[in-house]
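Asker: Take this structure first; my questions come after.
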Amino acid sequence: MSAKPQPQVLNERQDFYRRIEKGNVAPLWEVLHELVTPEPKTPCVPVLWKWETVLPWVLESGKLITAKEAERRVLVLENPGLRGKSRATHSLYAGLQLVLPGEIAPAHRHTQSALRFIVSGDGAYTAVEGERVTMHVGDFIITPSWTWHDHGNPSREPIIWMDVLDVPIVELLDAQFMERPGVEKQRTSRTEGQSFARYGNTMMPLDFKPKGKTSPLFWYPYERSREALAELARGEDPHPSHGHKLQYVNPATGGSAMPAIGTFLQLLPKGFSGRNYRSTDSAIVSCVEGGGRARIGETVLEFGPKDTFVVPSWMKHRFEVGAETVLFSASDRPLQLALDLWREEA
Ligand code: GTQ
């Protein structure tokens with residue numbers, strides 16, 4: 001440690017700072033240790049949204065505003081460490097969207113990529129570039145950057161899904177664009193199931209040319225992914241921290257299904273007690289089946305079906321479950337990998 005500077009030196013420095021500030025210049029040494037830290041230093045904290053708590057609020061929002069007036073009737077899941085910033089983690093936005101029977105959330109497009117993870121309800125649809133897909137609980141659906149999309153609910157029950165968007169990332173890069181078409185509903189130009197037929201069966205059209213980095217398959221039905229996990233669990237020992245965990249991929253590249261957001265589904269066997277693990281990608285987790293405890297740093301979260309929680313970057317965490325448990329999660333891992341930043345520690 002260097003000796004404490006004399007008061008006179010400190011005064012000279014303050015005077016210097018005031019003079020250079022007028023020219024939009026600042027001394028690095030006063031902020032260096034906050035900018036370049038030995039380890040991730042995130043304002044994001046572990047947090048749990050219990051379904052029983054948020055469901056009544058989501059339904060109440062349905063009485064206060066229509067999907068049409070709201071454009072998107074969503075309750076944002078705000079991390080308590082990032083209040084007022086509309087984000088669940090430092091890099092990702094998450095919310096619970098409600099579409100009531102007979103409602104339409106009008107078409108628009110934006111440069112932010114979105115994923116939908118269906119939490120409750122059956123038979124509503126989302127349309128991406130004119131192709132509808134019917135939503136079932138546990139399905140993972142992608143709205144790629146700058147694609148037209150609307151949502152509608154011809155079923156008899158409310159539908160609620162979790163949205164995760166790379167809003168904070170696009171904001172950081174100042175690359176936001178958004179457009180409305182003027183007509184309310186997209187004309188359905190392709191029959192349902194076209195994307196799945198082309199890309200969802202480990203086969204590809206002969207003339208396939210990628211339109212971008214996002215998977216051409218935009219619907220990953222829970223039934224298939226769940227079956228895969230069940231088969232894995234029959235044939236292999238669980239990973240000590242993750243249980244049986246798969247990542248959703250772009251079938252054309254084998255890489256992440258979305259360019260910035262990584263998406264995963266994992267099965268923790270009945271009675272699983274996991275080992276501590278941490279990685280630099282913060283995750284938003286939605287419990288599909290089962291439940292138990294997530295120990296994240298000093299925090300213990302008791303989660304069950306349809307609950308959502310956040311695991312911040314680089315925080316040691318482990319899972320303990322009672323019944324067999326299935327977790328969906330989304331994180332910024334692909335972006336970190338693209339920048340050679342991602343780290344993990346078992
Ligand atoms: O469904 O297009 O939760 O544009 C936030 C912004 C959902 C959507 C959100 C959006 C959407």
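Letters A, B, ... go to the chains of the structure tokens in the order shown; residues in each chain start at 1; ligands are counted from 1 in the same order.
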Give me every strand (DSSP E or B) residue in stretch 5-115 of chain A, going by DSSP on the backbone, as a list in words.
Answerer: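 The strand (DSSP E or B) residues within stretch 5-115 of chain A come out as Val47, Leu48, Trp49, Val74, Leu75, Val76, Tyr93, Ala94, Gly95, Leu96, Gln97, Leu98, Val99, Ile104, Ala105, Pro106, Ala107, His108, Arg109, His110, Ala114 and Leu115 of chain A.
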Asker: Excluding A:Asp174 and its own-chain neighbours fewer than 5 positions away, which residues fall within 12 Å of it when counting only C-alpha atoms? Please give them as a PyMOL selection string.
Answerer: chain A and resi 111-112+167-169
Asker: Could you list the protein, DNA and RNA residues that have any atom within 7 Å of ligand 1, counting only C-alpha atoms and all ligand atoms, and write them as a PyMOL selection string?
Answerer: chain A and resi 72+74+94-97+108+110+149+163-165
Asker: Just write the chosen residues, N, CA and C atoms, as a PDB file, in the first residue's frame.
Answerer:
```pdb
ATOM      1  N   ARG A  72     -48.695  -5.027 -25.905  1.00  0.00           N
ATOM      2  CA  ARG A  72     -48.300  -6.281 -25.273  1.00  0.00           C
ATOM      3  C   ARG A  72     -48.658  -6.137 -23.797  1.00  0.00           C
ATOM      4  N   VAL A  74     -48.059  -7.224 -20.562  1.00  0.00           N
ATOM      5  CA  VAL A  74     -46.990  -7.989 -19.921  1.00  0.00           C
ATOM      6  C   VAL A  74     -46.686  -7.389 -18.552  1.00  0.00           C
ATOM      7  N   ALA A  94     -37.256 -10.003 -18.898  1.00  0.00           N
ATOM      8  CA  ALA A  94     -38.236 -11.094 -18.829  1.00  0.00           C
ATOM      9  C   ALA A  94     -39.578 -10.542 -18.365  1.00  0.00           C
ATOM     10  N   GLY A  95     -40.648 -11.153 -18.835  1.00  0.00           N
ATOM     11  CA  GLY A  95     -41.978 -10.726 -18.419  1.00  0.00           C
ATOM     12  C   GLY A  95     -42.966 -11.858 -18.596  1.00  0.00           C
ATOM     13  N   LEU A  96     -44.141 -11.696 -17.968  1.00  0.00           N
ATOM     14  CA  LEU A  96     -45.214 -12.673 -18.147  1.00  0.00           C
ATOM     15  C   LEU A  96     -46.304 -12.010 -18.979  1.00  0.00           C
ATOM     16  N   GLN A  97     -46.586 -12.587 -20.131  1.00  0.00           N
ATOM     17  CA  GLN A  97     -47.559 -12.010 -21.065  1.00  0.00           C
ATOM     18  C   GLN A  97     -48.879 -12.771 -20.992  1.00  0.00           C
ATOM     19  N   HIS A 108     -46.180  -6.544 -34.903  1.00  0.00           N
ATOM     20  CA  HIS A 108     -45.111  -5.557 -34.983  1.00  0.00           C
ATOM     21  C   HIS A 108     -43.798  -6.319 -35.170  1.00  0.00           C
ATOM     22  N   HIS A 110     -39.363  -5.906 -34.286  1.00  0.00           N
ATOM     23  CA  HIS A 110     -38.314  -5.121 -33.640  1.00  0.00           C
ATOM     24  C   HIS A 110     -36.995  -5.883 -33.744  1.00  0.00           C
ATOM     25  N   HIS A 149     -44.500 -10.349 -35.954  1.00  0.00           N
ATOM     26  CA  HIS A 149     -45.149 -11.332 -35.078  1.00  0.00           C
ATOM     27  C   HIS A 149     -46.380 -10.743 -34.416  1.00  0.00           C
ATOM     28  N   ASP A 163     -41.909 -14.182 -21.554  1.00  0.00           N
ATOM     29  CA  ASP A 163     -41.101 -13.590 -22.613  1.00  0.00           C
ATOM     30  C   ASP A 163     -39.698 -13.364 -22.078  1.00  0.00           C
ATOM     31  N   VAL A 164     -38.698 -13.714 -22.870  1.00  0.00           N
ATOM     32  CA  VAL A 164     -37.334 -13.268 -22.564  1.00  0.00           C
ATOM     33  C   VAL A 164     -36.815 -12.589 -23.824  1.00  0.00           C
ATOM     34  N   LEU A 165     -36.358 -11.362 -23.681  1.00  0.00           N
ATOM     35  CA  LEU A 165     -35.833 -10.600 -24.823  1.00  0.00           C
ATOM     36  C   LEU A 165     -34.445 -10.064 -24.490  1.00  0.00           C
TER      37      LEU A 165
END
```
Asker: Which neighbours of A:Leu206 fall inside 12 Å, counting only C-alpha atoms, when residues of the same chain fewer than 6 positions from it are skipped, and could you give them as a PyMOL selection string?
Answerer: chain A and resi 198-199+252
Asker: Could you give me, as a ChimeraX atom specification, each residue of stretch 12-258 of chain A that DSSP assigns to helix (DSSP H, G or I) when run on this structure's backbone?
Answerer: /A:12-21,28-30,32-35,51-64,67-70,80-82,167-172,194-199,222-235
Asker: Name the residues in contact with stretch 125-133 of chain A at a cut-off of 10 Å, using only C-alpha atoms, excluding same-chain residues fewer than 2 positions from it; report them as JSON, numbers by chain.
Answerer: {"A": [99, 104, 105, 107, 109, 116, 122, 123, 135, 136, 141, 142, 143, 144, 146, 147, 148, 149, 150, 151, 152, 153, 154, 155, 159, 185, 186, 187, 188, 189, 190, 191, 192, 193, 194, 195, 196, 218, 219]}
Asker: Could you check the closest approach to A:Ser145 for each of A:Lys211, A:His90, A:Arg83, A:Arg224 and tell me which residue wins, using only C-alpha atoms?
Answerer: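 Closest residue, counting only C-alpha atoms: A:Lys211.
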Asker: When you look at A:Leu48 with a cut-off of 12 Å (counting only C-alpha atoms), what residues show up, excluding the ones that are within fewer than 4 positions of it in the same chain? I need them as a list in words.
Answerer: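 These residues fall inside the cut-off: Glu52, Thr53, Val54, Leu77, Glu78, Asn79, Pro80, Ala88, Ile284, Val285, Ser286, Cys287, Arg293, Ala294, Arg295, Ile296, Thr299, Val300, Leu301, Glu302, Phe303, Gly304, Lys306, Asp307, Thr308, Phe309, Val310, Val311 and Pro312 of chain A.
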Asker: Which residue, A:Ser241, A:Gln266, A:Ser86, A:Ser91, has the smallest gap to A:Gln336 when you use only C-alpha atoms?
Answerer: A:Ser91
Asker: With only C-alpha atoms as the counted atoms, please give the residues lying no more than 9 Å from A:Ser61, apart from itself and same-chain residues fewer than 2 positions off, as a PyMOL selection string.
Answerer: chain A and resi 56-59+63-66+73-75+98
Asker: Which is closer to A:Pro27 than all the others in A:Leu173, A:Arg13, A:Ala124, A:Asp207, using only C-alpha atoms?
Answerer: A:Arg13
Asker: Skip stretch 321-330 of chain A itself and residues of its chain fewer than 3 positions away, then list as a PyMOL selection string all residues within 7 Å of it, counting only C-alpha atoms.
Answerer: chain A and resi 261-273+283-293
Asker: Give me, please, the distance in Å between atom CA of A:Leu335 and atom CA of A:Pro259, quoted to one decimal.
Answerer: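 Pair atom CA of A:Leu335 / atom CA of A:Pro259 returns 6.9 Å.
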